[in-house]
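Heads up, target24.csv below (CSV, C-alpha atoms and all ligand atoms):
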chain,number,residue,atom,x,y,z
W,1,MET,CA,0.0,0.0,0.0
W,2,GLU,CA,1.0,3.6,-0.5
W,3,SER,CA,3.2,5.0,2.3
W,4,LYS,CA,1.9,8.4,3.4
W,5,ASN,CA,5.3,9.4,4.6
W,6,PHE,CA,7.0,8.8,1.2
W,7,LYS,CA,8.1,12.0,-0.5
W,8,TYR,CA,8.6,11.6,-4.3
W,9,PRO,CA,12.3,12.0,-5.0
W,10,ASP,CA,12.1,14.4,-7.9
W,11,THR,CA,15.7,15.4,-8.0
W,12,LYS,CA,17.0,11.8,-7.5
W,13,ALA,CA,14.8,10.6,-10.3
W,14,TYR,CA,15.9,13.4,-12.7
W,15,ASN,CA,19.6,12.8,-11.8
W,16,PHE,CA,19.2,9.0,-12.3
W,17,VAL,CA,17.6,9.4,-15.7
W,18,VAL,CA,20.3,12.0,-16.9
W,19,ALA,CA,23.1,9.8,-15.6
W,20,GLU,CA,21.7,6.6,-17.1
W,21,LEU,CA,21.2,8.3,-20.5
W,22,LYS,CA,24.8,9.6,-20.3
W,23,LYS,CA,26.1,6.1,-19.5
W,24,ARG,CA,24.4,4.9,-22.7
W,25,ASN,CA,26.0,7.7,-24.7
W,26,VAL,CA,22.8,9.7,-25.2
W,27,ASP,CA,23.6,13.3,-25.9
W,28,LEU,CA,20.7,15.5,-24.8
W,29,HIS,CA,21.7,18.1,-27.3
W,30,ALA,CA,21.4,15.6,-30.1
W,31,LEU,CA,17.9,14.8,-28.9
W,32,SER,CA,16.9,18.4,-28.8
W,33,LYS,CA,18.2,18.9,-32.3
W,34,ILE,CA,15.9,16.2,-33.6
W,35,ALA,CA,13.0,18.1,-32.0
W,36,TYR,CA,14.3,21.3,-33.6
W,37,HIS,CA,14.4,19.8,-37.0
W,38,LEU,CA,10.9,18.4,-36.7
W,39,GLN,CA,9.4,21.6,-35.4
W,40,LYS,CA,11.2,24.4,-37.3
W,41,GLN,CA,9.1,23.8,-40.4
W,42,PHE,CA,6.1,24.9,-38.5
W,43,LEU,CA,7.8,27.5,-36.3
W,44,PRO,CA,10.4,29.5,-38.3
W,45,GLN,CA,11.3,31.6,-35.3
W,46,LEU,CA,12.4,28.5,-33.3
W,47,ASN,CA,16.1,28.1,-32.3
W,48,GLU,CA,18.0,25.1,-31.1
W,49,GLN,CA,18.7,26.5,-27.6
W,50,GLU,CA,15.0,26.9,-27.0
W,51,CYS,CA,14.4,23.2,-27.9
W,52,TYR,CA,17.2,22.2,-25.5
W,53,GLU,CA,15.6,24.2,-22.7
W,54,GLU,CA,12.2,22.6,-23.4
W,55,LEU,CA,13.7,19.1,-23.5
W,56,ASN,CA,15.2,19.8,-20.1
W,57,SER,CA,11.8,21.0,-18.9
W,58,VAL,CA,10.0,17.8,-20.1
W,59,LEU,CA,12.8,15.7,-18.4
W,60,HIS,CA,11.6,17.1,-15.1
W,61,LYS,CA,8.1,15.7,-15.3
W,62,ARG,CA,7.3,12.9,-12.9
W,63,GLU,CA,5.2,11.0,-15.4
W,64,LEU,CA,8.1,11.0,-17.9
W,65,LEU,CA,10.7,10.2,-15.2
W,66,ASN,CA,8.7,7.2,-14.0
W,67,ASN,CA,8.3,5.6,-17.3
W,68,VAL,CA,11.9,6.3,-18.4
W,69,MET,CA,13.3,4.8,-15.2
W,70,VAL,CA,11.3,1.6,-15.6
W,71,GLY,CA,12.3,1.2,-19.3
W,72,LEU,CA,16.0,1.9,-18.8
W,73,GLU,CA,16.1,-0.5,-15.8
W,74,LEU,CA,14.4,-3.3,-17.8
W,75,ASP,CA,17.0,-2.8,-20.6
W,76,ARG,CA,19.8,-3.0,-18.0
W,77,LEU,CA,18.4,-6.0,-16.2
W,78,ALA,CA,18.0,-7.8,-19.5
W,79,GLU,CA,21.5,-6.9,-20.6
W,80,GLU,CA,22.8,-8.3,-17.4
W,81,ASN,CA,20.6,-11.4,-17.6
W,82,LYS,CA,19.0,-10.6,-14.3
W,83,LEU,CA,15.4,-11.1,-15.4
W,84,LYS,CA,13.6,-14.4,-15.3
W,85,GLU,CA,12.5,-16.4,-18.3
W,86,PRO,CA,10.5,-16.0,-20.5
W,87,LEU,CA,10.6,-12.2,-20.0
W,88,LEU,CA,14.4,-12.2,-20.3
W,89,SER,CA,14.4,-13.7,-23.8
W,90,ILE,CA,11.4,-11.6,-24.9
W,91,ILE,CA,13.2,-8.4,-24.0
W,92,ARG,CA,16.7,-9.5,-25.1
W,93,ASN,CA,15.2,-10.4,-28.6
W,94,ASP,CA,13.1,-7.2,-28.8
W,95,ALA,CA,10.2,-9.4,-29.7
W,96,GLY,CA,7.8,-7.7,-32.1
W,97,VAL,CA,4.7,-8.8,-30.3
W,98,PHE,CA,5.9,-7.5,-26.9
W,99,GLY,CA,4.8,-3.9,-27.3
W,100,VAL,CA,5.3,-2.9,-23.6
W,101,ASP,CA,8.3,-0.7,-24.8
W,102,GLU,CA,6.0,1.2,-27.1
W,103,SER,CA,3.2,1.5,-24.6
W,104,LEU,CA,5.5,2.8,-21.9
W,105,ALA,CA,6.9,5.4,-24.4
W,106,LEU,CA,3.5,6.3,-25.8
W,107,GLN,CA,2.3,7.2,-22.4
W,108,ILE,CA,5.1,9.8,-22.2
W,109,ALA,CA,4.2,11.3,-25.6
W,110,ASP,CA,0.5,11.4,-24.5
W,111,ILE,CA,1.3,13.7,-21.6
W,112,TYR,CA,1.4,16.5,-24.2
W,113,GLY,CA,-1.6,15.4,-26.2
W,114,THR,CA,-2.1,14.8,-29.9
W,115,ILE,CA,1.1,16.6,-31.0
W,116,GLY,CA,3.2,14.4,-28.8
W,117,VAL,CA,1.5,11.2,-29.9
W,118,THR,CA,1.7,12.1,-33.7
W,119,ASN,CA,5.4,12.9,-33.4
W,120,PHE,CA,6.0,9.7,-31.5
W,121,GLY,CA,4.4,7.7,-34.2
W,122,TYR,CA,6.4,9.5,-36.8
W,123,LEU,CA,9.7,8.9,-35.0
W,124,ASP,CA,8.8,5.3,-34.4
W,125,ARG,CA,8.6,4.9,-38.2
W,126,VAL,CA,11.5,7.0,-39.4
W,127,LYS,CA,13.9,6.5,-36.4
W,128,TYR,CA,16.2,9.6,-36.7
W,129,GLY,CA,19.9,9.8,-35.8
W,130,ILE,CA,20.7,8.5,-32.3
W,131,ILE,CA,17.3,6.7,-32.2
W,132,LYS,CA,18.2,4.8,-35.3
W,133,GLN,CA,21.7,3.9,-33.8
W,134,PHE,CA,20.0,2.2,-30.9
W,135,ASP,CA,17.4,0.5,-33.0
W,136,GLU,CA,20.2,-1.0,-35.2
W,137,ASP,CA,22.8,-1.8,-32.5
W,138,PRO,CA,23.1,-5.6,-32.3
W,139,ASN,CA,25.5,-5.7,-29.3
W,140,HIS,CA,23.3,-4.4,-26.5
W,141,VAL,CA,19.7,-4.7,-25.3
W,142,ASN,CA,18.0,-1.5,-26.5
W,143,THR,CA,14.5,-2.7,-26.4
W,144,PHE,CA,13.2,0.2,-24.3
W,145,ILE,CA,15.6,3.0,-24.9
W,146,ASP,CA,14.9,3.7,-28.6
W,147,ASP,CA,11.2,4.1,-27.9
W,148,LEU,CA,11.9,6.2,-24.8
W,149,LEU,CA,14.1,8.6,-26.7
W,150,GLY,CA,11.5,8.9,-29.4
W,151,ALA,CA,9.0,9.8,-26.7
W,152,ILE,CA,11.3,12.3,-25.1
W,153,VAL,CA,11.8,14.0,-28.5
W,154,ALA,CA,8.0,13.8,-29.2
W,155,ALA,CA,7.2,15.4,-25.9
W,156,THR,CA,9.7,18.2,-26.5
W,157,CYS,CA,8.1,18.8,-30.0
W,158,ALA,CA,4.7,19.1,-28.4
W,159,LYS,CA,5.9,21.3,-25.5
W,160,VAL,CA,7.5,23.7,-28.1
W,161,ALA,CA,4.4,23.7,-30.3
W,162,HIS,CA,2.1,24.4,-27.3
W,163,LYS,CA,4.3,27.3,-26.3
W,164,TYR,CA,3.7,29.1,-29.6
W,165,ALA,CA,0.0,28.0,-30.0
W,201,MG,MG,11.6,-0.9,-28.8
Represent the structure of the file as structure tokens.
Ligand code: MG
Amino acid sequence: MESKNFKYPDTKAYNFVVAELKKRNVDLHALSKIAYHLQKQFLPQLNEQECYEELNSVLHKRELLNNVMVGLELDRLAEENKLKEPLLSIIRNDAGVFGVDESLALQIADIYGTIGVTNFGYLDRVKYGIIKQFDEDPNHVNTFIDDLLGAIVAATCAKVAHKYA
């Protein structure tokens, strides 16, 4: 049951996510650049720094942090063979019928409504830059991270779009 004395560790969650992304060679500037490229066609006044700031702002949201922490940890546990079968093999093989990775990520994109969801769907299909690298890396378990990065970028796109709406 929920403990009434528990205070949600916002700063620890944020620091954990940023540190884990760094460990997996995710450059936050590279992510915000994808958001910039996706949104600048609609918002000519947009600049890259602004996208980076909005990315940082979405990275502080509890709903995003929760899902990213769960996904990154499941990738790590699968990579270290610490999950039980059959879940271990399902995640290690990035089974197409699994879908929990997409669901977890989609929930992040959905925080910002339709613009987030549409951009997530687009990124899931085209897999830009660093997202593509994770999707095509055969040496590590990246079942969750590619979708999570797509969702972080999609959320950033939506946040930027709402700012100018
Ligand atoms: Mg995936």
Handout entry: Neighbourhood of ligand MG 201 (chain W) at 8 Å, counting all atoms listed in the file, reported as number ranges by chain
Key = W: 94, 99, 101-102, 135, 142-147
Exercise for the section: Determine, counting all atoms listed in the file, which protein, DNA and RNA residues have an atom within 12 Å of an atom of Pro9 in chain W; residues of the same chain fewer than 3 positions away are not included. Present the result as a ChimeraX atom specification. Expected result: /W:6,12-16,60-62,65-66
Exercise for the section: Take CA of Leu43 in chain W and CA of His29 in chain W and report the distance between them in Å, one decimal. Expected result: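 A separation of 19.0 Å between them.
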Practice task
Could you jot down the CA of Ile34 in chain W to CA of Asn56 in chain W separation for me, Å, one decimal place?
Solution key: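 Separation between CA of Ile34 in chain W and CA of Asn56 in chain W: 14.0 Å.
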Problem - Counting only C-alpha atoms, the residue of W:Asp10, W:His140, W:Asn25, W:Leu83 that sits nearest Glu63 in chain W - result: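 Checking each of W:Asp10, W:His140, W:Asn25, W:Leu83 against Glu63 in chain W, counting only C-alpha atoms, the winner is W:Asp10.
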Each residue of range 3-43 of chain W with at least one atom at most 12 Å from range 113-117 of chain W should appear once, together with its nearest atom pair and the corresponding distance in Å (one decimal); atoms considered: only C-alpha atoms; ordering: chain, then increasing residue number; output as CSV.
residue,atom,partner,partner_atom,distance
W:Ala35,CA,W:Gly116,CA,11.0
W:Leu38,CA,W:Ile115,CA,11.5
W:Gln39,CA,W:Ile115,CA,10.6
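Among the candidate residues W:Gln49, W:Ser103, W:Ser32, W:Asn81, the one lying nearest to Val141 in chain W is W:Asn81, with distances computed using only C-alpha atoms.
CA of Arg125 in chain W is found 21.2 Å from CA of Leu64 in chain W.
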Handout entry: Pick from W:Glu136, W:Asp27, W:Asp110, W:Glu20, whichever lies nearest to Asp75 in chain W using only C-alpha atoms
Key = W:Glu20
Problem - Exercise: Glu48 in chain W partners within 7 Å, only C-alpha atoms, chain neighbours under 2 positions left out, as a PyMOL selection string - result: chain W and resi 33+36+46+50-52
Practice task
Give me the residues within 9 Å of Lys159 in chain W as a ChimeraX atom specification, counting all atoms listed in the file and dropping any in the same chain fewer than 3 places off.
Solution key: /W:54-55,57-58,112,115-116,154-156,162-163
Problem - Shell of 9 Å around Asp124 in chain W, only C-alpha atoms, local chain residues under 2 positions omitted, as an NGL selection string - result: :W and (102 or 119-122 or 126-128 or 131 or 146-147 or 150-151)
